[in-house]
Amino acid sequence: MLARTPGFTAVAGISLALGIGANTAIFSLTYAVLMRPLEVDDPDRLAVVFSRHEGAGPYGTSSYPDYRDFRDQTDVFSGLAAHTVAPVSLSGGDSAQVVLGKVVTANYFSVLGVDAARGRMFLPEEGYPSRAGDVCVISDGLWKRRFGVDPAVVGRNLVVNGSPTTVVGITPEGFRGTWAALEIDIWTPMSMVERMVPFGVDMERRGNEWLAIVGRLKPGVMLSQASTRLQVISNRLAEEHPSNRNKRSVVAGFHQDRVPLVSGAADAARGVLVMLLAVVGFVLLIACTNVANTLLARGVARRREIAVRLAIGAGRGKIVRQLLTESVLLALLGGAAGLVVARWAMDGLLALMPTLLVPVRLEMGLDVPVLLFTLAVSVVTGVVFGLFPALQATRPELIPALKDAGALAAVSGSRSRLRHALLTAQVALSLVLLIGAGLFLKSLWNASTIDPGFNPQGLLRAGISVGLQGYDESEGRRFHQALLEKVRVIPGVRSAAWGAQVPLGPMARSRSISVPGYEPREGEFMSFGFNGVGPGYFETIGTPILFGRGFLRSDTADSENVVIVNEALAQRFWPGRNPVGNAMGVGGVEHRIIGVAKTGKYRTLGEDPTPYYFLPLDQHYEPLLYLHVRTAGNASSVVAAMLAEMRTLDPHIPAFDVQTMSDHLRYARFPATLAGAMFGVFGALALVLSVVGIYGVISYWVNQRTREIGIRTALGAARGDVIRMVLRRGLVLTCGGIVCGLLAAAALSRLVARFLYEADPLNAEMFLGASLVLVLVTLAACYVPARRATKVDPMTALRYE
Amino acid sequence: MNESVTNDPTLIRLHNVKKVFLAEEVETHALSNINMEIRRGEYVAISGPSGGGKSTLLSILGLLDTPSEGEHFLKDEPVENLSASQRARVRNREIGFIFQAFNLIGDLNVYENVELPLTYRGMPSKERKERVKNALEQVEMAHRMKHYPSQLSGGQQQRVAVARALVGDPAILLADEPTGNLDSKNGEAVMDLMRELHQNGATICMVTHDPRYEKYAERTVHLFDGRIVDESEAPDLNLTTDG
């Protein structure tokens, strides 16, 4: 049957290919980001331990002493390991390279159940607090890329952050640790922490919470048991250390629920991916309604054949099975073509990815789980769009069907209602997607016009870590000042300044403050984001100082401690007043407020005005800094000169993350770009599928009513009357869908509000505009059948008599 | 169409009308040299065997089709060269059709079916309502106004179809085998209704191949192979069938 109707098969196949292909691509992305199992032993028994502070996120980290107590005082884990991520400088020859590394407890690999592919993993005596030697394990990827699969690399010394470190092992192929989306290339034991962690940590301070904890549950132990046990210990620790360890809830969650992203990011990603899966699900449903409607029409055409089969004794179940087999076969054809569509879509998705600060690898592909998903979706799709038409087709009124009489009322009421219901659903789904597309494109526009709080034009930044090269504070300060002086005189450079963090970057730090005279409410979270910046920072990045002044070279360790707050923080604690001159406590030390900076965007472009403050680098040394360079023209043009100046000072210090701030903003706008692109593409796809659907239904309606149109023409209906009748019919069908779609979109808007940048999810203009587009599209889709209807010759239509 | 009343008793005049169908380069002469007149208030039957050209002639009279050659006058106006929209307008105002298969629209109720020709005139709703009511009362179907065609018997459906033909107060009623889909009892009832309409002044032209019903007409035109081969006057207009 499919081969005998190639036109139908092709149109239905293409509709399904687009729908199934879109689903396959988004599932592949979802699988890569959230579902790909870790390359570890029995990942279902791995648990992650989170500390939850009141007012902070749910995925807090822990201090080393807390980790040690959890490890030593619980009996629910067969092993508990701690780890953190750190950029690592690998040098050799004349150049240095920054890769992503992890500092881990010595039992990290044994807890994960991963053995070395070559060499060995860490020995217990290589872990903190011993100093048994500088050793590292490298990834299979690094071994292949940098060492050309040289087996002799095990046992060889690498220069890691400026010091020789012995490679003791190579991880198995595919292993990337517990955050599988991050491309980790090197692991070192916690004993090397001082050299590995650039921001400096105090291993024995309980307030220093920087470690992620992963454990393997003992056989038979439930997560809830583990959480209860950890909570008991946490409560006891809070009582034992009241000065530097507050109360918090400590919970264990399955690692599989969070992989392979850093915990907090997984939730954000999950939200976006669930939304995208819903969107492509809608597209597939629209494709299904198209095919179902066509099958219903074919059911009418085949009713005589089916009636004959039923009349000669075929069971209804047998015929339903035959029809379902045809629809499933069709869906499988669509699914096979959908794999090609998915491949293109994946390439498109990867092309959308901006350059990230950390190496992220999304292993999207048509691997076994994705193929199984496509197969399942295809079969379910075939049943979904085939079942109702099959049931309808096998319920004909036998006698009229056999006589082929009653052509004027050929379509039974229920069949016609089903077709109209399908069209209504299709229009409603399309409208939801169109409104979504409009909202997200507006959001993308807003994201590209939001003031980030700095001027990205002609601004460049480069990450430089003197800590990785083993510089102490005084050496580091000398290097920073020398490089600044050299860069400032490069032709084309207007100004340059240091900052510890890049606005809208993935890393964020916060620290508690106190305000004299302000009594925090119970549970009020007094920790706010901050940045360490040098003299000239605000002028360089283009953030206005509204009151007071910026940092000067005279703000040194020997002078009064000073701080600059942003407008939002000033408004919160000194509403309606100029806070310059007031005191503010940071880390228990009093600081004088010397300026108020205009509030910018610090974590995301969509964030509300957020309190934030700035500390002078000369009073708060940081070994890992970003050099911000304001240029007169093209920011990229000074990169080579800047790196050359840096090499003259020290050829072994690597620069990483060298990027113009315009490019950096692409990263910040990525969620808006992704959502805008996805909704735009899928909204357009839905519109095209709807046009096909509306055209099909109205064409069929016109065909069914050839005689009626002939009668009307005989009774005096003019061309315009016939066109109006068909268009009215199309609009009546569409209007039902539009009303349903508007209600559905209004209900769903709440769910997408958090993904929008300054766009009202109930924007009336968007709702009206999208409805109008659908009305126009309906009129266009109906026009061709309407024109055809005017060509109905009443003689021909009535001749069957 | 000129609406003015003239004294000319001729309502329709065909002069040397031919109709030729071309199918796969084969010419079929459906009508040849048809010359006929229908006078105002006349009841004409067109009879003949199947394939004789009866329905083609009726289609031309009803402006559903155009002659290949010849002249066609309605109320003294030539209508053979009218455009499709002009013909639609004339059909709507001057011609009432009664079909063999009733051709009521299943989605519309009785009232809406009868109202249909008036909606194409842009007539105000109040006037339409009045006219539809009168037309349905004429055929004794006013009590079934809200019913749908599928809820009516064949005879009732045809009465509604007659009401639809009458509602626009056309110059002529064209009936194409109006009893063809009815049993004899209902067929006679419809024929009685048409005779009553004629007695009240309606001009009727009916195609039939049933000799019993020819007798209801004042005059019968016999067609054979697309030609008029005979014309006969009915001896007694009050004749009733004895079936």
# chains A, B, ... in the order shown; residues from 1 in each chain; ligands from 1

call {"tool": "residues_around", "arguments": {"residues": "Gly505 (chain A)", "least_positions_apart": "3", "cutoff": "8 Å", "atoms": "only C-alpha atoms", "output": "list of chain:residue names"}}
result
A:Leu357, A:Gln501, A:Val502, A:Ala508, A:Tyr602, A:Arg603, A:Ala668

call {"tool": "residues_around", "arguments": {"residues": "region 457-468 of chain A", "least_positions_apart": "6", "cutoff": "6 Å", "atoms": "only C-alpha atoms", "output": "list in words"}}
result
Asn161, Pro198, Gly476, Pro623, Leu624, Leu625, Tyr626, Leu627, His628, Val629, Arg630, Thr631, Gly633, Asn634, Ala635, Ala655, Phe656, Asp657, Val658, Gln659, Thr660 and Met661 of chain A

call {"tool": "atom_distance", "arguments": {"atom1": "CA of Val11 (chain A)", "atom2": "CA of Leu330 (chain A)"}}
result
10.7 Å

call {"tool": "interface_residues", "arguments": {"of": "chain B", "to": "chain A", "cutoff": "8 Å", "atoms": "only C-alpha atoms", "output": "list in words"}}
result
Ser59, Leu64, Asp65, Ala84, Ser85, Arg87, Ala88, Arg89, Val90, Arg91, Asn92, Arg93, Gly96, Phe97, Gln100, Ala101, Asn103, Ile105, Gly106, Leu116, Pro117 and Tyr120 of chain B

call {"tool": "select_by_dssp", "arguments": {"residues": "region 599-642 of chain A", "states": "strand (DSSP E or B)", "output": "VMD selection string"}}
result
chain A and resid 612 to 616 624 to 631

call {"tool": "closest_residue", "arguments": {"among": "B:Ser125, B:Val167, B:Asp192, B:Val110", "to": "Leu152 (chain B)", "atoms": "only C-alpha atoms"}}
result
B:Val110

call {"tool": "atom_distance", "arguments": {"atom1": "CA of Leu34 (chain A)", "atom2": "CA of Leu350 (chain A)"}}
result
16.3 Å

call {"tool": "residues_around", "arguments": {"residues": "Asp202 (chain A)", "least_positions_apart": "5", "cutoff": "10 Å", "atoms": "only C-alpha atoms", "output": "PyMOL selection string"}}
result
chain A and resi 63-64+193-194+207-210

call {"tool": "closest_residue", "arguments": {"among": "A:Ile490, A:Ala753, A:Val697, A:Val250", "to": "Gln225 (chain A)", "atoms": "only C-alpha atoms"}}
result
A:Val250

call {"tool": "residues_around", "arguments": {"residues": "region 585-600 of chain A", "least_positions_apart": "3", "cutoff": "6 Å", "atoms": "only C-alpha atoms", "output": "number ranges by chain"}}
result
A: 452-453, 513-514, 544-549, 561-567, 580-582

call {"tool": "write_last_selection", "arguments": {"atoms": "all heavy atoms", "output": "compact mmCIF listing (two decimals), in the first residue's frame"}}
result
# COMPACT_ATOMS: atom_id res chain seq x y z
N PRO A 452 25.13 45.20 29.91
CA PRO A 452 25.76 44.27 30.85
C PRO A 452 26.47 44.99 32.01
O PRO A 452 27.00 44.35 32.91
CB PRO A 452 26.77 43.52 29.98
CG PRO A 452 27.12 44.47 28.90
CD PRO A 452 25.90 45.32 28.66
N GLY A 453 26.50 46.29 31.93
CA GLY A 453 27.17 47.04 33.00
C GLY A 453 28.61 47.38 32.66
O GLY A 453 29.30 48.01 33.45
N ILE A 513 29.11 39.75 54.48
CA ILE A 513 29.46 41.10 54.92
C ILE A 513 28.64 41.43 56.17
O ILE A 513 27.67 40.74 56.49
CB ILE A 513 29.17 42.15 53.82
CG1 ILE A 513 27.65 42.25 53.55
CG2 ILE A 513 29.92 41.87 52.54
CD1 ILE A 513 27.26 43.51 52.80
N SER A 514 29.07 42.47 56.84
CA SER A 514 28.26 42.99 57.94
C SER A 514 28.19 44.50 57.78
O SER A 514 29.12 45.12 57.26
CB SER A 514 28.90 42.61 59.29
OG SER A 514 30.22 43.14 59.36
N PRO A 544 30.60 53.00 35.12
CA PRO A 544 30.69 54.31 35.78
C PRO A 544 30.73 54.19 37.32
O PRO A 544 30.06 53.33 37.89
CB PRO A 544 29.42 55.04 35.34
CG PRO A 544 28.80 54.20 34.28
CD PRO A 544 29.32 52.82 34.43
N ILE A 545 31.52 55.05 37.93
CA ILE A 545 31.48 55.21 39.39
C ILE A 545 30.49 56.34 39.66
O ILE A 545 30.69 57.47 39.21
CB ILE A 545 32.89 55.57 39.95
CG1 ILE A 545 33.85 54.40 39.74
CG2 ILE A 545 32.80 55.96 41.42
CD1 ILE A 545 33.60 53.21 40.63
N LEU A 546 29.42 56.05 40.37
CA LEU A 546 28.35 57.03 40.56
C LEU A 546 28.66 58.01 41.68
O LEU A 546 28.33 59.19 41.60
CB LEU A 546 27.03 56.31 40.84
CG LEU A 546 26.60 55.29 39.78
CD1 LEU A 546 25.35 54.54 40.22
CD2 LEU A 546 26.33 55.98 38.45
N PHE A 547 29.25 57.51 42.74
CA PHE A 547 29.65 58.37 43.87
C PHE A 547 31.06 57.97 44.28
O PHE A 547 31.43 56.79 44.16
CB PHE A 547 28.73 58.19 45.09
CG PHE A 547 27.29 58.48 44.79
CD1 PHE A 547 26.38 57.45 44.64
CD2 PHE A 547 26.84 59.79 44.64
CE1 PHE A 547 25.05 57.71 44.37
CE2 PHE A 547 25.51 60.05 44.36
CZ PHE A 547 24.61 59.01 44.22
N GLY A 548 31.81 58.94 44.82
CA GLY A 548 33.14 58.63 45.34
C GLY A 548 34.13 58.38 44.22
O GLY A 548 34.06 59.00 43.16
N ARG A 549 35.01 57.40 44.42
CA ARG A 549 36.10 57.17 43.47
C ARG A 549 36.36 55.67 43.28
O ARG A 549 35.83 54.84 44.04
CB ARG A 549 37.37 57.84 43.99
CG ARG A 549 37.87 57.28 45.32
CD ARG A 549 39.25 57.81 45.67
NE ARG A 549 39.71 57.35 46.98
CZ ARG A 549 40.36 56.23 47.23
NH1 ARG A 549 40.59 55.36 46.23
NH2 ARG A 549 40.77 55.90 48.44
N ASN A 561 41.65 49.83 54.91
CA ASN A 561 40.93 48.87 54.06
C ASN A 561 39.72 49.56 53.42
O ASN A 561 38.93 50.21 54.13
CB ASN A 561 40.43 47.69 54.89
CG ASN A 561 41.57 46.76 55.24
OD1 ASN A 561 42.43 46.47 54.40
ND2 ASN A 561 41.61 46.30 56.47
N VAL A 562 39.62 49.44 52.12
CA VAL A 562 38.54 50.14 51.41
C VAL A 562 37.73 49.15 50.56
O VAL A 562 38.20 48.06 50.23
CB VAL A 562 39.11 51.27 50.50
CG1 VAL A 562 39.65 52.41 51.35
CG2 VAL A 562 40.17 50.71 49.56
N VAL A 563 36.56 49.58 50.21
CA VAL A 563 35.66 48.73 49.41
C VAL A 563 34.78 49.65 48.55
O VAL A 563 34.51 50.79 48.94
CB VAL A 563 34.79 47.83 50.33
CG1 VAL A 563 33.90 48.65 51.24
CG2 VAL A 563 33.93 46.86 49.50
N ILE A 564 34.44 49.14 47.38
CA ILE A 564 33.48 49.85 46.53
C ILE A 564 32.24 48.96 46.43
O ILE A 564 32.37 47.74 46.20
CB ILE A 564 34.08 50.13 45.13
CG1 ILE A 564 35.21 51.15 45.26
CG2 ILE A 564 33.01 50.65 44.16
CD1 ILE A 564 36.01 51.37 43.98
N VAL A 565 31.06 49.53 46.62
CA VAL A 565 29.83 48.74 46.53
C VAL A 565 29.09 49.15 45.26
O VAL A 565 29.34 50.21 44.71
CB VAL A 565 28.92 48.95 47.76
CG1 VAL A 565 29.61 48.52 49.03
CG2 VAL A 565 28.46 50.41 47.86
N ASN A 566 28.22 48.27 44.83
CA ASN A 566 27.42 48.69 43.68
C ASN A 566 26.14 49.35 44.18
O ASN A 566 25.83 49.33 45.39
CB ASN A 566 27.16 47.53 42.71
CG ASN A 566 26.13 46.54 43.22
OD1 ASN A 566 25.74 46.58 44.38
ND2 ASN A 566 25.68 45.65 42.34
N GLU A 567 25.42 49.93 43.24
CA GLU A 567 24.24 50.71 43.59
C GLU A 567 23.20 49.85 44.31
O GLU A 567 22.54 50.31 45.26
CB GLU A 567 23.64 51.25 42.29
CG GLU A 567 22.93 52.55 42.42
CD GLU A 567 22.40 53.00 41.06
OE1 GLU A 567 22.73 52.37 40.03
OE2 GLU A 567 21.65 53.97 41.04
N VAL A 580 29.07 56.41 50.73
CA VAL A 580 30.52 56.68 50.74
C VAL A 580 30.92 57.25 52.10
O VAL A 580 30.28 58.18 52.61
CB VAL A 580 30.91 57.64 49.61
CG1 VAL A 580 32.37 58.07 49.72
CG2 VAL A 580 30.65 56.99 48.25
N GLY A 581 31.95 56.66 52.67
CA GLY A 581 32.42 57.09 53.99
C GLY A 581 31.95 56.17 55.09
O GLY A 581 32.53 56.14 56.17
N ASN A 582 30.90 55.38 54.81
CA ASN A 582 30.42 54.44 55.82
C ASN A 582 31.33 53.21 55.88
O ASN A 582 32.12 52.94 54.96
CB ASN A 582 29.01 53.97 55.48
CG ASN A 582 27.97 55.03 55.81
OD1 ASN A 582 27.64 55.27 56.97
ND2 ASN A 582 27.48 55.69 54.79

call {"tool": "select_by_dssp", "arguments": {"residues": "region 15-196 of chain B", "states": "alpha helix (DSSP H)", "output": "MDAnalysis selection string"}}
result
chainID B and resid 54:61 84:94 110:119 125:138 154:166 184:196

call {"tool": "atom_distance", "arguments": {"atom1": "CA of Asp140 (chain A)", "atom2": "CA of Leu352 (chain A)"}}
result
27.5 Å

call {"tool": "residues_around", "arguments": {"residues": "Glu231 (chain B)", "least_positions_apart": "5", "cutoff": "10 Å", "atoms": "only C-alpha atoms", "output": "PyMOL selection string"}}
result
chain B and resi 36+45-47+219-223

call {"tool": "residues_around", "arguments": {"residues": "region 692-695 of chain A", "least_positions_apart": "5", "cutoff": "8 Å", "atoms": "only C-alpha atoms", "output": "number ranges by chain"}}
result
A: 289-290, 293, 423, 426, 730, 778, 781-782, 785

call {"tool": "write_last_selection", "arguments": {"atoms": "N, CA, C and O atoms", "output": "PDB file, in the first residue's frame"}}
result
ATOM      1  N   THR A 289      -0.492  14.520  13.796  1.00  0.00           N
ATOM      2  CA  THR A 289      -1.864  14.892  13.450  1.00  0.00           C
ATOM      3  C   THR A 289      -2.003  15.013  11.936  1.00  0.00           C
ATOM      4  O   THR A 289      -3.031  14.632  11.374  1.00  0.00           O
ATOM      5  N   ASN A 290      -0.951  15.521  11.289  1.00  0.00           N
ATOM      6  CA  ASN A 290      -0.981  15.600   9.822  1.00  0.00           C
ATOM      7  C   ASN A 290      -1.176  14.225   9.211  1.00  0.00           C
ATOM      8  O   ASN A 290      -2.018  14.015   8.346  1.00  0.00           O
ATOM      9  N   ASN A 293      -4.536  12.643   9.996  1.00  0.00           N
ATOM     10  CA  ASN A 293      -5.608  13.208   9.182  1.00  0.00           C
ATOM     11  C   ASN A 293      -5.576  12.650   7.764  1.00  0.00           C
ATOM     12  O   ASN A 293      -6.605  12.356   7.173  1.00  0.00           O
ATOM     13  N   LEU A 423      -7.137  18.664  13.795  1.00  0.00           N
ATOM     14  CA  LEU A 423      -6.682  19.938  13.239  1.00  0.00           C
ATOM     15  C   LEU A 423      -6.659  21.016  14.324  1.00  0.00           C
ATOM     16  O   LEU A 423      -5.722  21.807  14.410  1.00  0.00           O
ATOM     17  N   GLN A 426      -3.691  20.486  16.336  1.00  0.00           N
ATOM     18  CA  GLN A 426      -2.493  20.870  15.584  1.00  0.00           C
ATOM     19  C   GLN A 426      -2.302  22.387  15.584  1.00  0.00           C
ATOM     20  O   GLN A 426      -1.208  22.892  15.829  1.00  0.00           O
ATOM     21  N   GLY A 730     -12.215  27.120   6.910  1.00  0.00           N
ATOM     22  CA  GLY A 730     -10.841  27.031   7.411  1.00  0.00           C
ATOM     23  C   GLY A 730     -10.667  27.859   8.669  1.00  0.00           C
ATOM     24  O   GLY A 730     -10.064  27.408   9.653  1.00  0.00           O
ATOM     25  N   THR A 778      -3.581  30.267   7.597  1.00  0.00           N
ATOM     26  CA  THR A 778      -4.777  29.473   7.299  1.00  0.00           C
ATOM     27  C   THR A 778      -5.414  29.950   6.004  1.00  0.00           C
ATOM     28  O   THR A 778      -5.783  29.136   5.135  1.00  0.00           O
ATOM     29  N   ALA A 781      -3.350  28.791   3.224  1.00  0.00           N
ATOM     30  CA  ALA A 781      -3.466  27.333   3.009  1.00  0.00           C
ATOM     31  C   ALA A 781      -4.824  26.972   2.421  1.00  0.00           C
ATOM     32  O   ALA A 781      -4.953  25.990   1.697  1.00  0.00           O
ATOM     33  N   CYS A 782      -5.848  27.785   2.747  1.00  0.00           N
ATOM     34  CA  CYS A 782      -7.203  27.476   2.250  1.00  0.00           C
ATOM     35  C   CYS A 782      -7.422  28.036   0.850  1.00  0.00           C
ATOM     36  O   CYS A 782      -8.375  27.634   0.176  1.00  0.00           O
ATOM     37  N   PRO A 785      -7.335  25.340  -2.158  1.00  0.00           N
ATOM     38  CA  PRO A 785      -8.564  24.540  -2.250  1.00  0.00           C
ATOM     39  C   PRO A 785      -9.790  25.397  -2.572  1.00  0.00           C
ATOM     40  O   PRO A 785     -10.691  24.942  -3.284  1.00  0.00           O
TER      41      PRO A 785
END

call {"tool": "closest_residue", "arguments": {"among": "A:Val752, A:Gly438, A:Met584, A:Val76", "to": "Leu768 (chain A)", "atoms": "only C-alpha atoms"}}
result
A:Gly438

call {"tool": "residues_around", "arguments": {"residues": "Leu375 (chain A)", "least_positions_apart": "6", "cutoff": "12 Å", "atoms": "only C-alpha atoms", "output": "PDB file with C-alpha atoms, in the first residue's frame"}}
result
ATOM      1  CA  ILE A  20      11.310  12.332  14.749  1.00  0.00           C
ATOM      2  CA  GLY A  21      14.639  13.882  13.655  1.00  0.00           C
ATOM      3  CA  ASN A  23      13.267  14.625  18.797  1.00  0.00           C
ATOM      4  CA  THR A  24      16.312  12.457  18.177  1.00  0.00           C
ATOM      5  CA  VAL A 328       4.228   1.717  11.996  1.00  0.00           C
ATOM      6  CA  LEU A 329       6.150   0.884   8.829  1.00  0.00           C
ATOM      7  CA  ALA A 331       6.786   5.770  10.999  1.00  0.00           C
ATOM      8  CA  LEU A 332       9.899   3.591  10.820  1.00  0.00           C
ATOM      9  CA  LEU A 333      10.618   5.005   7.361  1.00  0.00           C
ATOM     10  CA  GLY A 334      10.150   8.471   8.858  1.00  0.00           C
ATOM     11  CA  GLY A 335      12.414   7.500  11.749  1.00  0.00           C
ATOM     12  CA  ALA A 336      15.167   6.306   9.397  1.00  0.00           C
ATOM     13  CA  ALA A 337      14.997   9.585   7.477  1.00  0.00           C
ATOM     14  CA  GLY A 338      14.780  11.348  10.852  1.00  0.00           C
ATOM     15  CA  LEU A 339      18.267  10.070  11.708  1.00  0.00           C
ATOM     16  CA  LEU A 366      23.698   8.431  17.083  1.00  0.00           C
ATOM     17  CA  VAL A 368      22.869   2.858  20.832  1.00  0.00           C
ATOM     18  CA  PRO A 369      20.669   4.600  23.435  1.00  0.00           C
ATOM     19  CA  THR A 381       4.430   7.501  16.719  1.00  0.00           C
ATOM     20  CA  GLY A 382       3.196   4.899  14.239  1.00  0.00           C
TER      21      GLY A 382
END
